[in-house]
Amino acid sequence: MRFHLCMALWCSAIFLHAQVNQQCPWSISGIVLDEHDNASLGYATIYIGELERGVVSDSSGRFLITEICEGTYTLQFSHIGCESKEQVIRVRGHENLSLHLEHHAELLQTIELSARRIREAGSASRAELDGRTLLRSSGRSLGEILEQLPGVTALQTGPTIFKPVIHGLHSNRVLILKDGLRLESQQWGLDHAPEIDPNGAAKISVVKGAAAVQYGADAVAGVILIESADLPTDRSRNGDIRLTGVDNGRQVALAASLTQGLGRGYGLRFNAGVRRAGDAHAAEYLLTNTGLAEMSGGVDIGYQKGLRNLRLSYQLFQSELGILRSAHIGNLTDLQDALTRDRPLIIEDFSYDIQNPKQQVLHHTLRIAGQTHLEKLGILNALYAIQWNAREEFDIRRGGRDDIPALNLQLQTHTGLVSLAHQSIGHLRGKISVHWTFQQNKNEPGTGVRPLIPNYTKYAPAISWVEKWIADDLEVEAGLRYEYVFLGIKRIDAQNRLVKPEFQFHNFSASAGMRYAMSDHVAFYSHLGSTYRAPHVNELFSEGLHHGAAAIEEGDTNLVPEKAIKWVTGTELRRSMWQLDASIFLQYIGDFIYLLPTGEPRLTIRGAFPVFQYVQDDIRLYGAEGALQFALAQHWQWRSEFSMVRAKNRSAEEDLIGIPSDRMRHMILWNSEKPALDADLSVEYVWEQSRAPEGVDYAPPPDGYLLVHAGVGMDVIRERMHLHFAVRNLLNVSYREYLNRLRYYADDTGRSIELRLQYLF
Amino acid sequence: MKNKSIITSLVFAIALINSCKNDDPAPENPEELITTLNVVFTPQGGGAVITLQFRDLDGDGGNPPVITGDTLAAQTEYHTILSFLDESTIPVADITEEILDEDEDHQFFFQLSGVQMTHTYDDMDSNGNPIGIVNSFFTGDAANGTFKVILRHKPDKSAAGVANGDITNAGGETDIEVLFPVVIQ
């Protein structure tokens, strides 16, 4: 790998040299004509995707694009009332072209509609991470990357484990989908990070509405969508190499992908990544045993012809994560001792070693997906996938048992999905889907510890139907979904008897939404979604001591599904000098499942432990978030973001535990086109969570904190090689985040200097 | 070609589903369970042997543990030995051995409240540091109070005061913490 990287660097140095002398001297000129009568088409749009720029033809249909380098480009050209077209051209000098478009004035309305990209259901409340942010987040985990979106925070366990939190909710209430497939893993665990490598994703977005109709019943808070790029159909080749180095934890990450078109519609992609870090550093001390070792890789093979395609893919994700050594406690006295210390008890010299307590996770995904066009019906999609998730957690144990996992779970999931996007009926477009999930969870015997959750088999077929009415300035959507859940449990009870209780749940979801564009500058959206979430096995059957939390957790088999209604409404204002995105949400959850202290501690040989029981109560949440961006001067931009969430239990009017505190971020950006260089300085302020319930938590919420981040990015070779240098927590502030589960034991991560080098080919 | 691959994958899927074995879980034997702690006080000058006992036969949860205190004689030198059992298995497992096998990683601490006793460790690990399985206690005057036994796993035995039985700087994590009612008369 090192050799290839050196080669890449060496080659890029040559490219750089060539580029400087060249100055892109060529041009593309031509005329746009109607295919039928060769009449010139004035005011047609000609756009070069690769360069992200374009022109509009003059009244006689002529156009000129200058400053073009030698190379191959895809021209997209369109004209009102015509279906847009693409043409690949090779530029070796000044090129002159005649572009033909099929012009049907009488079909104006219909064609306009089909040319428009149809947003998916619930998309009104969708926030997306742009390519620049993704590129500059290489070497970070998914949860850490998503934190950059307003309204999304992370539930942390130390510096490496991040779970996404949407509008204050997480775990079983957030769905993660990669290319339409739901991630099936042990997501109930508060310290179980999603088993997805975000590096190389073409797009990452978050739907913050109750988008359960489209994506699945558990999407009470929202959905995280990760999409990979399409495979080529021609013989093109491209790829990227991303190298990241971070001084904090002495982290090194390398990710690479190679996409090769095989011609005749066949395409292939390989991707691989490794990430290794040692003990992270808080502002004043090392966080002993917080290293990580991660590996991911996969292969995609696809075939595409017109509207038909077939894609086979295999992905592997493997990680080993150390948990802060000082967070391993035996009982409540140890926890209280830890709380009185201002620094963790065990601070050792820096090491890459990952000792107990630690987690080892392995996730395989094998999938096949196809699409075909059915005459007069629409587009038929089918997906089948197998996911196999193995999770081992190692504790500090007596009698040489350190190498025996204290938790050893294997989860196998089969997912099937068939959907038909029917042909548009007037202004109406829609999709009917049938989903099918079969899941088996198994505790591997031999741990010497009673299992935290039992073995189970889950069978969940579902059907959903979404319709969308689209006019010029208005989109209205509505959808319904029904899911049946069968849960067959096999567990050993306290008297060592095998019991096999069975559960059945019916989950109903419905949604309705609209988006209205008053003008090109002003748009409003509003989305109302309702869903049921069946209790998860951990909520029904959890039993025993949760070591990290020094608490005994008990499930309740009488739990009923949660019923959630969420309303998200917002506005998008776009002006030449500024833009504003703001939204509010309101959510009511009936029979919300949460842990409540029973107040009666349980006596064990390790001392007394507080007992928490899963109970249900109605809750309500509301919140707001916004982002304002404006141009200060040429090259200078300002961006401000703010988010807040409030949550109260309805019967007792008490605040909910573990809700993210208010936060804001201000950023000043400077950028220049030539040379491609930009710099940013941002200030992030997180308030103290003053709305935490009394007497439930072990320690009061930590103080608010202010962090300063800075970064400089530049294209070493235009569009090809990019260098990014950033410093996070520039002032090396000691702080503790309320949503970090290790805040009882240690400070959060200190100053972190990051260097990224990316090469695209 | 495409239909064929779809059929192949479906066959593959069905085969996989059928391969999911219908096996029932077996009870997991909690190997690190300590159900019973005995603290046996033998008077040096002869007399009645006194035993403090913690017993929780079904482990954590289920039935609550039974804690038995006792009465010690005032101004008496006791030879005190701790023993640990897992009585949930047959035969009964002796956990004391397991602790002694990792003696560098374990140390006992004793905390008194309301009663007076002077304590000396009478055993040593391979590094010459105390363990606390074998001890001497010299009881003070007649009083009522409590006697707490704490076992720390992976303590820092070289930290200040730890070798003398002061838990303050010991660190590690607590494996045992039991409070016995005691009377000295």
# chains A, B, ... in the order shown; residues from 1 in each chain; ligands from 1
>>> interface_residues(of="chain B", to="chain A", cutoff="8 Å", atoms="only C-alpha atoms", output="PyMOL selection string")
chain B and resi 2+9+24-32+34-35+54+56+59-62+64-65+98-99+101-102+171-178
>>> select_by_dssp(residues="segment 304-406 of chain A", states="helix (DSSP H, G or I)", output="number ranges by chain")
A: 325-327, 332-340
>>> residues_around(residues="Val149 of chain B", least_positions_apart="2", cutoff="8 Å", atoms="only C-alpha atoms", output="list in words")
Phe108, Phe109, Phe110, Gln111, Phe147, Leu151, Ile176, Glu177, Val178 and Leu179 of chain B
>>> residues_around(residues="Ile48 of chain A", least_positions_apart="5", cutoff="6 Å", atoms="only C-alpha atoms", output="PDB file with N, CA and C atoms, in the first residue's frame")
ATOM      1  N   ARG A  53     -19.672  23.736 -14.463  1.00  0.00           N
ATOM      2  CA  ARG A  53     -20.037  25.036 -14.995  1.00  0.00           C
ATOM      3  C   ARG A  53     -20.729  24.862 -16.340  1.00  0.00           C
ATOM      4  N   GLY A  54     -21.412  25.883 -16.757  1.00  0.00           N
ATOM      5  CA  GLY A  54     -22.145  25.780 -18.003  1.00  0.00           C
ATOM      6  C   GLY A  54     -22.494  27.146 -18.543  1.00  0.00           C
ATOM      7  N   THR A  74     -18.516  15.241 -20.055  1.00  0.00           N
ATOM      8  CA  THR A  74     -19.907  14.912 -20.333  1.00  0.00           C
ATOM      9  C   THR A  74     -20.676  16.222 -20.439  1.00  0.00           C
ATOM     10  N   LEU A  75     -21.235  16.465 -21.612  1.00  0.00           N
ATOM     11  CA  LEU A  75     -22.047  17.669 -21.810  1.00  0.00           C
ATOM     12  C   LEU A  75     -23.498  17.312 -21.543  1.00  0.00           C
TER      13      LEU A  75
END
>>> select_by_dssp(residues="segment 438-594 of chain A", states="strand (DSSP E)", output="PyMOL selection string")
chain A and resi 438-443+455-470+474-492+498-499+502-517+522-533+543-546+551-554+562-574+578-594
>>> write_last_selection(atoms="C-alpha atoms", output="mmCIF file, in the first residue's frame")
data_model
loop_
_atom_site.group_PDB
_atom_site.id
_atom_site.type_symbol
_atom_site.label_atom_id
_atom_site.label_comp_id
_atom_site.auth_asym_id
_atom_site.auth_seq_id
_atom_site.Cartn_x
_atom_site.Cartn_y
_atom_site.Cartn_z
ATOM 1 C CA PHE A 438 -36.073 -12.572 9.111
ATOM 2 C CA GLN A 439 -33.642 -12.287 11.991
ATOM 3 C CA GLN A 440 -31.966 -14.653 14.417
ATOM 4 C CA ASN A 441 -29.996 -13.627 17.463
ATOM 5 C CA LYS A 442 -27.828 -16.125 19.241
ATOM 6 C CA ASN A 443 -25.656 -15.973 22.338
ATOM 7 C CA ASN A 455 -31.718 -15.704 21.854
ATOM 8 C CA TYR A 456 -34.585 -14.817 19.563
ATOM 9 C CA THR A 457 -36.076 -15.216 16.130
ATOM 10 C CA LYS A 458 -37.833 -12.267 14.554
ATOM 11 C CA TYR A 459 -40.040 -12.329 11.526
ATOM 12 C CA ALA A 460 -41.343 -9.021 10.203
ATOM 13 C CA PRO A 461 -43.185 -8.649 6.906
ATOM 14 C CA ALA A 462 -44.378 -5.160 5.966
ATOM 15 C CA ILE A 463 -46.207 -3.363 3.205
ATOM 16 C CA SER A 464 -46.083 0.315 2.396
ATOM 17 C CA TRP A 465 -47.597 2.707 -0.112
ATOM 18 C CA VAL A 466 -46.514 6.279 -0.765
ATOM 19 C CA GLU A 467 -48.042 8.700 -3.249
ATOM 20 C CA LYS A 468 -46.728 12.078 -4.238
ATOM 21 C CA TRP A 469 -48.550 14.789 -6.152
ATOM 22 C CA ILE A 470 -46.215 17.138 -7.908
ATOM 23 C CA LEU A 474 -46.238 22.419 -4.831
ATOM 24 C CA GLU A 475 -45.469 18.872 -3.769
ATOM 25 C CA VAL A 476 -47.882 16.946 -1.595
ATOM 26 C CA GLU A 477 -47.230 13.451 -0.312
ATOM 27 C CA ALA A 478 -48.978 10.864 1.789
ATOM 28 C CA GLY A 479 -48.166 7.309 2.764
ATOM 29 C CA LEU A 480 -49.216 4.300 4.805
ATOM 30 C CA ARG A 481 -47.368 1.324 6.171
ATOM 31 C CA TYR A 482 -48.237 -1.785 8.100
ATOM 32 C CA GLU A 483 -45.734 -4.121 9.695
ATOM 33 C CA TYR A 484 -46.347 -7.365 11.515
ATOM 34 C CA VAL A 485 -43.694 -8.446 13.998
ATOM 35 C CA PHE A 486 -43.377 -11.923 15.381
ATOM 36 C CA LEU A 487 -40.816 -12.449 18.095
ATOM 37 C CA GLY A 488 -39.952 -15.921 19.354
ATOM 38 C CA ILE A 489 -37.729 -15.857 22.443
ATOM 39 C CA LYS A 490 -35.641 -18.672 23.844
ATOM 40 C CA ARG A 491 -34.198 -17.914 27.198
ATOM 41 C CA ILE A 492 -32.979 -19.518 30.378
ATOM 42 C CA LEU A 498 -35.717 -23.014 29.170
ATOM 43 C CA VAL A 499 -38.722 -20.804 28.416
ATOM 44 C CA GLU A 502 -43.722 -15.460 21.909
ATOM 45 C CA PHE A 503 -44.808 -11.939 21.035
ATOM 46 C CA GLN A 504 -46.734 -10.387 18.190
ATOM 47 C CA PHE A 505 -46.876 -6.688 17.406
ATOM 48 C CA HIS A 506 -48.665 -4.668 14.769
ATOM 49 C CA ASN A 507 -46.951 -1.477 13.698
ATOM 50 C CA PHE A 508 -48.876 1.157 11.775
ATOM 51 C CA SER A 509 -47.274 4.180 10.196
ATOM 52 C CA ALA A 510 -48.758 7.058 8.285
ATOM 53 C CA SER A 511 -47.366 10.281 6.949
ATOM 54 C CA ALA A 512 -48.415 13.381 5.090
ATOM 55 C CA GLY A 513 -46.308 16.274 3.915
ATOM 56 C CA MET A 514 -46.100 19.202 1.574
ATOM 57 C CA ARG A 515 -43.547 21.572 0.163
ATOM 58 C CA TYR A 516 -44.530 24.852 -1.411
ATOM 59 C CA ALA A 517 -42.134 27.065 -3.324
ATOM 60 C CA VAL A 522 -38.778 31.194 -0.699
ATOM 61 C CA ALA A 523 -40.005 27.682 0.091
ATOM 62 C CA PHE A 524 -41.994 26.214 2.985
ATOM 63 C CA TYR A 525 -42.393 22.625 4.008
ATOM 64 C CA SER A 526 -44.392 20.772 6.572
ATOM 65 C CA HIS A 527 -44.413 17.094 7.350
ATOM 66 C CA LEU A 528 -46.514 15.065 9.737
ATOM 67 C CA GLY A 529 -45.617 11.468 10.440
ATOM 68 C CA SER A 530 -46.894 8.879 12.839
ATOM 69 C CA THR A 531 -45.402 5.511 13.674
ATOM 70 C CA TYR A 532 -45.458 2.612 16.091
ATOM 71 C CA ARG A 533 -42.282 1.042 17.402
ATOM 72 C CA GLU A 543 -31.611 -8.525 33.017
ATOM 73 C CA GLY A 544 -28.579 -8.080 35.132
ATOM 74 C CA LEU A 545 -25.778 -5.769 35.881
ATOM 75 C CA HIS A 546 -24.631 -3.190 33.373
ATOM 76 C CA ALA A 551 -26.725 -0.304 37.434
ATOM 77 C CA ILE A 552 -29.022 -3.281 37.232
ATOM 78 C CA GLU A 553 -31.380 -3.089 34.263
ATOM 79 C CA GLU A 554 -34.597 -5.036 34.113
ATOM 80 C CA GLU A 562 -44.543 3.159 21.338
ATOM 81 C CA LYS A 563 -46.807 5.407 19.317
ATOM 82 C CA ALA A 564 -45.118 8.510 17.982
ATOM 83 C CA ILE A 565 -46.399 11.520 16.086
ATOM 84 C CA LYS A 566 -43.881 13.991 14.771
ATOM 85 C CA TRP A 567 -44.438 17.262 12.997
ATOM 86 C CA VAL A 568 -41.589 19.046 11.286
ATOM 87 C CA THR A 569 -42.058 22.339 9.539
ATOM 88 C CA GLY A 570 -39.559 24.739 8.095
ATOM 89 C CA THR A 571 -38.580 27.292 5.566
ATOM 90 C CA GLU A 572 -35.774 27.761 3.057
ATOM 91 C CA LEU A 573 -34.910 31.279 1.985
ATOM 92 C CA ARG A 574 -32.407 31.757 -0.815
ATOM 93 C CA TRP A 578 -27.674 35.152 2.082
ATOM 94 C CA GLN A 579 -29.632 32.011 2.734
ATOM 95 C CA LEU A 580 -31.558 30.750 5.710
ATOM 96 C CA ASP A 581 -32.778 27.290 6.617
ATOM 97 C CA ALA A 582 -34.878 27.048 9.741
ATOM 98 C CA SER A 583 -37.196 24.412 11.110
ATOM 99 C CA ILE A 584 -39.119 23.480 14.203
ATOM 100 C CA PHE A 585 -40.375 20.102 15.315
ATOM 101 C CA LEU A 586 -42.941 18.840 17.739
ATOM 102 C CA GLN A 587 -43.183 15.221 18.769
ATOM 103 C CA TYR A 588 -45.527 13.339 20.994
ATOM 104 C CA ILE A 589 -44.668 9.756 21.930
ATOM 105 C CA GLY A 590 -47.277 7.666 23.676
ATOM 106 C CA ASP A 591 -45.967 4.775 25.801
ATOM 107 C CA PHE A 592 -42.368 5.911 25.365
ATOM 108 C CA ILE A 593 -40.082 3.183 26.714
ATOM 109 C CA TYR A 594 -37.317 4.306 29.057
#
>>> residues_around(residues="Lys358 of chain A", least_positions_apart="3", cutoff="6 Å", atoms="only C-alpha atoms", output="list in words")
Leu321, Gly322, Ile323, Glu393 and Phe394 of chain A
>>> write_last_selection(atoms="N, CA and C atoms", output="PDB file, in the first residue's frame")
ATOM      1  N   LEU A 321     -12.363  -1.878  19.594  1.00  0.00           N
ATOM      2  CA  LEU A 321     -12.391  -0.587  20.268  1.00  0.00           C
ATOM      3  C   LEU A 321     -12.075  -0.762  21.738  1.00  0.00           C
ATOM      4  N   GLY A 322     -11.118   0.002  22.221  1.00  0.00           N
ATOM      5  CA  GLY A 322     -10.805  -0.016  23.643  1.00  0.00           C
ATOM      6  C   GLY A 322     -11.726   0.933  24.389  1.00  0.00           C
ATOM      7  N   ILE A 323     -12.116   0.556  25.593  1.00  0.00           N
ATOM      8  CA  ILE A 323     -12.935   1.431  26.425  1.00  0.00           C
ATOM      9  C   ILE A 323     -12.023   1.960  27.537  1.00  0.00           C
ATOM     10  N   GLU A 393     -17.681  -8.666  23.526  1.00  0.00           N
ATOM     11  CA  GLU A 393     -17.228  -7.648  24.464  1.00  0.00           C
ATOM     12  C   GLU A 393     -16.419  -8.309  25.572  1.00  0.00           C
ATOM     13  N   PHE A 394     -15.256  -7.754  25.813  1.00  0.00           N
ATOM     14  CA  PHE A 394     -14.325  -8.349  26.779  1.00  0.00           C
ATOM     15  C   PHE A 394     -14.221  -7.461  28.002  1.00  0.00           C
TER      16      PHE A 394
END
>>> atom_distance(atom1="atom CA of Ser113 of chain B", atom2="atom CA of Glu600 of chain A")
23.8 Å
>>> residues_around(residues="segment 57-68 of chain A", least_positions_apart="6", cutoff="6 Å", atoms="only C-alpha atoms", output="list in words")
Cys24, Pro25, Trp26, Ser27, Ile28, Ser29, Gly30, Ile31, Val32, Ser40, Leu41, Gly42, Tyr43 and Ala44 of chain A
>>> write_last_selection(atoms="C-alpha atoms", output="PDB file, in the first residue's frame")
ATOM      1  CA  CYS A  24      -6.451  25.082 -20.217  1.00  0.00           C
ATOM      2  CA  PRO A  25      -6.339  26.811 -23.643  1.00  0.00           C
ATOM      3  CA  TRP A  26      -9.184  25.054 -25.467  1.00  0.00           C
ATOM      4  CA  SER A  27     -12.844  25.789 -25.932  1.00  0.00           C
ATOM      5  CA  ILE A  28     -16.107  24.104 -26.875  1.00  0.00           C
ATOM      6  CA  SER A  29     -18.406  25.982 -29.179  1.00  0.00           C
ATOM      7  CA  GLY A  30     -21.417  24.983 -31.220  1.00  0.00           C
ATOM      8  CA  ILE A  31     -25.098  25.263 -31.882  1.00  0.00           C
ATOM      9  CA  VAL A  32     -28.176  23.596 -30.352  1.00  0.00           C
ATOM     10  CA  SER A  40     -31.970  26.533 -33.802  1.00  0.00           C
ATOM     11  CA  LEU A  41     -32.922  26.390 -30.123  1.00  0.00           C
ATOM     12  CA  GLY A  42     -32.165  29.634 -28.329  1.00  0.00           C
ATOM     13  CA  TYR A  43     -31.604  29.830 -24.570  1.00  0.00           C
ATOM     14  CA  ALA A  44     -30.725  26.144 -24.184  1.00  0.00           C
TER      15      ALA A  44
END
>>> residues_around(residues="Thr45 of chain A", least_positions_apart="4", cutoff="6 Å", atoms="only C-alpha atoms", output="PDB file with C-alpha atoms, in the first residue's frame")
ATOM      1  CA  VAL A  56     -26.843  29.324 -21.975  1.00  0.00           C
ATOM      2  CA  PHE A  77     -27.799  20.037 -22.581  1.00  0.00           C
ATOM      3  CA  SER A  78     -31.422  20.858 -22.187  1.00  0.00           C
TER       4      SER A  78
END
>>> atom_distance(atom1="atom CA of Leu407 of chain A", atom2="atom CA of Asn538 of chain A")
13.8 Å
>>> closest_residue(among="A:Cys69, A:Val220, A:Ala406, A:Ile196", to="Leu316 of chain A", atoms="only C-alpha atoms")
A:Ile196
